[in-house]
Amino acid sequence: MDQRNFRIGQISDLHLDFGEKENVSVEKFQVTLRDAEKFDLDFLVLSGDITEHSYRREYEIFFEVMKTYSHPWCVMAGNHDCSEDLVRYSSIPLKLQNGEYFDQREVKGVPFFFLDTSLGSVSKQQLVWLKEEAKQKAGEIFLFMHHPPCLCGHLFMDSLYPLKNWEEVKKEILEIPNLHAVFAGHYHSEMTLDLGKGKMLYLTPSIQMQLNPEVSSFDILSTV
């Protein structure tokens, strides 16, 4: 395991909503971002479902709010977003690769990889890229993706909204020796799971609402 010290933050599932019925997620996002600022993070990851509808105004509000944040950060697309829209309306340089937005960054010399699961799966293009790039890294790498790469024991989300090709993705992840930690969101619940082979999955809860993982219906546990 890499012994270098750094602070990474993750904010997931904002669901900024400027449709027919606006929600209060913008205010929640602003409060959460101010809290993140206090931690003096080395890097902050906004890990998908930035918007509710992938509307231009929802992205514009997101990037306007992010101008108030003073530390390094990156954004990813979730299933409520569209990668092409995210790149189109971004106020910072983002680049699509064959219609997908995935990337890697270094934080204090440690590689961080970010996958695009906005279509509900991880493409062959991304899996090949991840494996090849990981081979070139001498030390530990970290992986962020919106959907978790496995079923999580969340009765509602596992049954209706899992990653479509989670079995394939999990298999590939388990074969990357220098990858030990995967970070995801999407499930609107906080969970820590053992993927096997010394790899852990950390699910970050949503700032919009938390869902009850113990029932198969849509059951909101909390909106704070």
# chains A, B, ... in the order shown; residues from 1 in each chain; ligands from 1

$ closest_atom_pairs --of "stretch 5-74 of chain A" --to "stretch 202-212 of chain A" --cutoff "6 Å" --atoms "only C-alpha atoms" --output "JSON lines"
{"residue": "A:Ser12", "atom": "CA", "partner": "A:Ser206", "partner_atom": "CA", "distance": 5.3}
{"residue": "A:Asp13", "atom": "CA", "partner": "A:Ser206", "partner_atom": "CA", "distance": 4.8}
{"residue": "A:Leu14", "atom": "CA", "partner": "A:Gln208", "partner_atom": "CA", "distance": 5.8}

$ write_last_selection --atoms "N, CA, C and O atoms" --output "PDB file, in the first residue's frame"
ATOM      1  N   SER A  12     -21.197  13.005  -4.021  1.00  0.00           N
ATOM      2  CA  SER A  12     -21.880  12.235  -5.055  1.00  0.00           C
ATOM      3  C   SER A  12     -23.374  12.524  -5.084  1.00  0.00           C
ATOM      4  O   SER A  12     -23.972  12.899  -4.072  1.00  0.00           O
ATOM      5  N   ASP A  13     -23.954  12.338  -6.272  1.00  0.00           N
ATOM      6  CA  ASP A  13     -25.408  12.355  -6.456  1.00  0.00           C
ATOM      7  C   ASP A  13     -26.038  13.663  -5.975  1.00  0.00           C
ATOM      8  O   ASP A  13     -26.866  13.681  -5.064  1.00  0.00           O
ATOM      9  N   LEU A  14     -25.661  14.739  -6.642  1.00  0.00           N
ATOM     10  CA  LEU A  14     -26.201  16.054  -6.314  1.00  0.00           C
ATOM     11  C   LEU A  14     -27.642  16.204  -6.813  1.00  0.00           C
ATOM     12  O   LEU A  14     -28.485  16.803  -6.152  1.00  0.00           O
TER      13      LEU A  14
END

$ residues_around --residues "A:Glu133" --least-positions-apart "6" --cutoff "10 Å" --atoms "only C-alpha atoms" --output "PDB file with N, CA, C and O atoms, in the first residue's frame"
ATOM      1  N   GLN A 104      -7.583  10.341 -16.013  1.00  0.00           N
ATOM      2  CA  GLN A 104      -6.736  10.031 -14.870  1.00  0.00           C
ATOM      3  C   GLN A 104      -6.014  11.291 -14.431  1.00  0.00           C
ATOM      4  O   GLN A 104      -5.724  12.168 -15.236  1.00  0.00           O
ATOM      5  N   PRO A 111      -1.600   7.958  -8.813  1.00  0.00           N
ATOM      6  CA  PRO A 111      -2.557   7.997  -9.928  1.00  0.00           C
ATOM      7  C   PRO A 111      -3.989   7.718  -9.468  1.00  0.00           C
ATOM      8  O   PRO A 111      -4.247   6.769  -8.727  1.00  0.00           O
ATOM      9  N   PHE A 113      -7.832   7.171 -11.195  1.00  0.00           N
ATOM     10  CA  PHE A 113      -8.531   6.889 -12.445  1.00  0.00           C
ATOM     11  C   PHE A 113     -10.026   7.121 -12.259  1.00  0.00           C
ATOM     12  O   PHE A 113     -10.593   6.821 -11.208  1.00  0.00           O
ATOM     13  N   LEU A 127     -12.250  -0.339 -20.162  1.00  0.00           N
ATOM     14  CA  LEU A 127     -11.608  -1.452 -19.447  1.00  0.00           C
ATOM     15  C   LEU A 127     -10.209  -1.722 -19.988  1.00  0.00           C
ATOM     16  O   LEU A 127      -9.269  -1.957 -19.222  1.00  0.00           O
TER      17      LEU A 127
END

$ residues_around --residues "A:Arg57" --least-positions-apart "2" --cutoff "10 Å" --atoms "only C-alpha atoms" --output "PyMOL selection string"
chain A and resi 16-19+51+53-55+59-63+89

$ select_by_dssp --residues "chain A" --states "alpha helix (DSSP H)" --output "VMD selection string"
chain A and resid 25 to 38 56 to 66 83 to 88 124 to 135 155 to 160 166 to 174

$ atom_distance --atom1 "atom CA of A:Asp42" --atom2 "atom CA of A:His71"
7.0 Å

$ atom_distance --atom1 "atom CA of A:Leu179" --atom2 "atom CA of A:Phe144"
11.1 Å

$ residues_around --residues "A:His180" --least-positions-apart "3" --cutoff "9 Å" --atoms "only C-alpha atoms" --output "NGL selection string"
:A and (1 or 140-143 or 174 or 176-177 or 197-201)

$ write_last_selection --atoms "N, CA and C atoms" --output "tab-separated table (two decimals), in the first residue's frame"
chain	number	residue	atom	x	y	z
A	1	MET	N	0.84	-1.20	0.00
A	1	MET	CA	0.00	0.00	0.00
A	1	MET	C	0.87	1.25	0.00
A	140	GLU	N	0.62	2.08	-6.09
A	140	GLU	CA	-0.82	1.89	-5.96
A	140	GLU	C	-1.60	2.92	-6.76
A	141	ILE	N	-2.74	2.48	-7.30
A	141	ILE	CA	-3.65	3.39	-7.98
A	141	ILE	C	-5.01	3.35	-7.27
A	142	PHE	N	-5.82	4.39	-7.52
A	142	PHE	CA	-7.16	4.46	-6.95
A	142	PHE	C	-8.16	4.67	-8.08
A	143	LEU	N	-9.35	4.09	-7.91
A	143	LEU	CA	-10.36	4.13	-8.96
A	143	LEU	C	-11.66	4.73	-8.45
A	174	LEU	N	-10.50	-7.01	-10.25
A	174	LEU	CA	-9.81	-7.95	-9.36
A	174	LEU	C	-8.46	-8.40	-9.91
A	176	ILE	N	-6.30	-6.38	-11.37
A	176	ILE	CA	-5.34	-5.27	-11.36
A	176	ILE	C	-4.62	-5.28	-10.01
A	177	PRO	N	-3.38	-5.74	-9.95
A	177	PRO	CA	-2.71	-5.97	-8.66
A	177	PRO	C	-2.45	-4.71	-7.84
A	197	LYS	N	-9.60	-10.27	-2.98
A	197	LYS	CA	-8.23	-10.07	-3.44
A	197	LYS	C	-7.63	-8.77	-2.89
A	198	GLY	N	-7.99	-8.42	-1.67
A	198	GLY	CA	-7.41	-7.25	-1.03
A	198	GLY	C	-7.93	-5.93	-1.54
A	199	LYS	N	-9.11	-5.93	-2.15
A	199	LYS	CA	-9.68	-4.71	-2.72
A	199	LYS	C	-10.97	-4.36	-1.99
A	200	MET	N	-11.12	-3.08	-1.66
A	200	MET	CA	-12.29	-2.60	-0.94
A	200	MET	C	-13.08	-1.62	-1.79
A	201	LEU	N	-14.40	-1.63	-1.61
A	201	LEU	CA	-15.29	-0.69	-2.26
A	201	LEU	C	-15.90	0.23	-1.22

$ select_by_dssp --residues "stretch 12-188 of chain A" --states "strand (DSSP E or B)" --output "MDAnalysis selection string"
chainID A and resid 12 16 43:47 51 73:76 97 100 103:107 110:114 141:144 179:184

$ write_last_selection --atoms "N, CA and C atoms" --output "mmCIF file, in the first residue's frame"
data_model
loop_
_atom_site.group_PDB
_atom_site.id
_atom_site.type_symbol
_atom_site.label_atom_id
_atom_site.label_comp_id
_atom_site.auth_asym_id
_atom_site.auth_seq_id
_atom_site.Cartn_x
_atom_site.Cartn_y
_atom_site.Cartn_z
ATOM 1 N N SER A 12 -21.197 13.005 -4.021
ATOM 2 C CA SER A 12 -21.880 12.235 -5.055
ATOM 3 C C SER A 12 -23.374 12.524 -5.084
ATOM 4 N N LEU A 16 -28.868 18.145 -9.185
ATOM 5 C CA LEU A 16 -29.290 19.532 -9.331
ATOM 6 C C LEU A 16 -30.459 19.590 -10.304
ATOM 7 N N PHE A 43 -7.587 16.937 -3.108
ATOM 8 C CA PHE A 43 -8.377 16.730 -4.319
ATOM 9 C C PHE A 43 -9.800 16.384 -3.928
ATOM 10 N N LEU A 44 -10.765 16.929 -4.677
ATOM 11 C CA LEU A 44 -12.178 16.652 -4.446
ATOM 12 C C LEU A 44 -12.769 16.053 -5.715
ATOM 13 N N VAL A 45 -13.493 14.941 -5.555
ATOM 14 C CA VAL A 45 -14.120 14.256 -6.690
ATOM 15 C C VAL A 45 -15.632 14.435 -6.606
ATOM 16 N N LEU A 46 -16.231 14.979 -7.659
ATOM 17 C CA LEU A 46 -17.681 15.063 -7.784
ATOM 18 C C LEU A 46 -18.085 13.892 -8.667
ATOM 19 N N SER A 47 -18.597 12.814 -8.046
ATOM 20 C CA SER A 47 -18.625 11.516 -8.713
ATOM 21 C C SER A 47 -19.956 11.145 -9.369
ATOM 22 N N THR A 51 -26.526 16.324 -12.268
ATOM 23 C CA THR A 51 -27.807 16.905 -12.638
ATOM 24 C C THR A 51 -28.937 15.889 -12.485
ATOM 25 N N TRP A 73 -10.070 19.886 -8.088
ATOM 26 C CA TRP A 73 -11.243 19.013 -8.128
ATOM 27 C C TRP A 73 -11.446 18.478 -9.539
ATOM 28 N N CYS A 74 -12.300 17.464 -9.644
ATOM 29 C CA CYS A 74 -12.707 16.959 -10.948
ATOM 30 C C CYS A 74 -14.158 16.514 -10.874
ATOM 31 N N VAL A 75 -14.789 16.378 -12.033
ATOM 32 C CA VAL A 75 -16.189 15.986 -12.098
ATOM 33 C C VAL A 75 -16.338 14.763 -13.001
ATOM 34 N N MET A 76 -17.303 13.909 -12.667
ATOM 35 C CA MET A 76 -17.602 12.709 -13.443
ATOM 36 C C MET A 76 -19.078 12.716 -13.817
ATOM 37 N N GLN A 97 -13.670 10.949 -25.236
ATOM 38 C CA GLN A 97 -12.944 9.926 -25.977
ATOM 39 C C GLN A 97 -13.978 8.956 -26.546
ATOM 40 N N GLU A 100 -17.190 9.251 -24.674
ATOM 41 C CA GLU A 100 -17.164 8.996 -23.233
ATOM 42 C C GLU A 100 -16.180 9.949 -22.560
ATOM 43 N N ASP A 103 -10.874 9.629 -17.400
ATOM 44 C CA ASP A 103 -9.636 10.401 -17.270
ATOM 45 C C ASP A 103 -8.784 9.800 -16.154
ATOM 46 N N GLN A 104 -7.583 10.341 -16.013
ATOM 47 C CA GLN A 104 -6.736 10.031 -14.870
ATOM 48 C C GLN A 104 -6.014 11.291 -14.431
ATOM 49 N N ARG A 105 -5.756 11.384 -13.147
ATOM 50 C CA ARG A 105 -5.026 12.507 -12.560
ATOM 51 C C ARG A 105 -4.011 11.965 -11.575
ATOM 52 N N GLU A 106 -3.043 12.786 -11.231
ATOM 53 C CA GLU A 106 -2.092 12.434 -10.172
ATOM 54 C C GLU A 106 -2.282 13.381 -8.999
ATOM 55 N N VAL A 107 -2.369 12.804 -7.816
ATOM 56 C CA VAL A 107 -2.482 13.573 -6.582
ATOM 57 C C VAL A 107 -1.273 13.226 -5.719
ATOM 58 N N VAL A 110 0.346 10.114 -6.846
ATOM 59 C CA VAL A 110 -0.451 8.882 -6.837
ATOM 60 C C VAL A 110 -1.501 8.967 -7.940
ATOM 61 N N PRO A 111 -1.600 7.958 -8.813
ATOM 62 C CA PRO A 111 -2.557 7.997 -9.928
ATOM 63 C C PRO A 111 -3.989 7.718 -9.468
ATOM 64 N N PHE A 112 -4.901 8.554 -9.936
ATOM 65 C CA PHE A 112 -6.331 8.366 -9.713
ATOM 66 C C PHE A 112 -7.010 8.209 -11.074
ATOM 67 N N PHE A 113 -7.832 7.171 -11.195
ATOM 68 C CA PHE A 113 -8.531 6.889 -12.445
ATOM 69 C C PHE A 113 -10.026 7.121 -12.259
ATOM 70 N N PHE A 114 -10.667 7.626 -13.332
ATOM 71 C CA PHE A 114 -12.087 7.959 -13.278
ATOM 72 C C PHE A 114 -12.776 7.370 -14.502
ATOM 73 N N ILE A 141 -2.736 2.479 -7.299
ATOM 74 C CA ILE A 141 -3.650 3.386 -7.978
ATOM 75 C C ILE A 141 -5.007 3.355 -7.269
ATOM 76 N N PHE A 142 -5.823 4.394 -7.523
ATOM 77 C CA PHE A 142 -7.160 4.464 -6.953
ATOM 78 C C PHE A 142 -8.160 4.668 -8.083
ATOM 79 N N LEU A 143 -9.350 4.088 -7.912
ATOM 80 C CA LEU A 143 -10.357 4.127 -8.963
ATOM 81 C C LEU A 143 -11.663 4.726 -8.449
ATOM 82 N N PHE A 144 -12.216 5.670 -9.222
ATOM 83 C CA PHE A 144 -13.531 6.249 -8.950
ATOM 84 C C PHE A 144 -14.458 5.919 -10.114
ATOM 85 N N LEU A 179 -4.331 -2.049 -7.616
ATOM 86 C CA LEU A 179 -5.571 -1.354 -7.276
ATOM 87 C C LEU A 179 -6.167 -1.981 -6.028
ATOM 88 N N HIS A 180 -6.305 -1.195 -4.960
ATOM 89 C CA HIS A 180 -6.803 -1.725 -3.687
ATOM 90 C C HIS A 180 -8.073 -1.051 -3.204
ATOM 91 N N ALA A 181 -8.410 0.119 -3.767
ATOM 92 C CA ALA A 181 -9.577 0.850 -3.289
ATOM 93 C C ALA A 181 -10.365 1.418 -4.465
ATOM 94 N N VAL A 182 -11.676 1.154 -4.443
ATOM 95 C CA VAL A 182 -12.602 1.673 -5.449
ATOM 96 C C VAL A 182 -13.638 2.527 -4.727
ATOM 97 N N PHE A 183 -13.928 3.704 -5.292
ATOM 98 C CA PHE A 183 -14.882 4.628 -4.690
ATOM 99 C C PHE A 183 -16.030 4.865 -5.668
ATOM 100 N N ALA A 184 -17.258 4.779 -5.168
ATOM 101 C CA ALA A 184 -18.430 4.940 -6.026
ATOM 102 C C ALA A 184 -19.533 5.678 -5.284
#

$ closest_residue --among "A:Asn165, A:Ser70, A:Ser159, A:Thr32" --to "A:Tyr187" --atoms "only C-alpha atoms"
A:Ser159
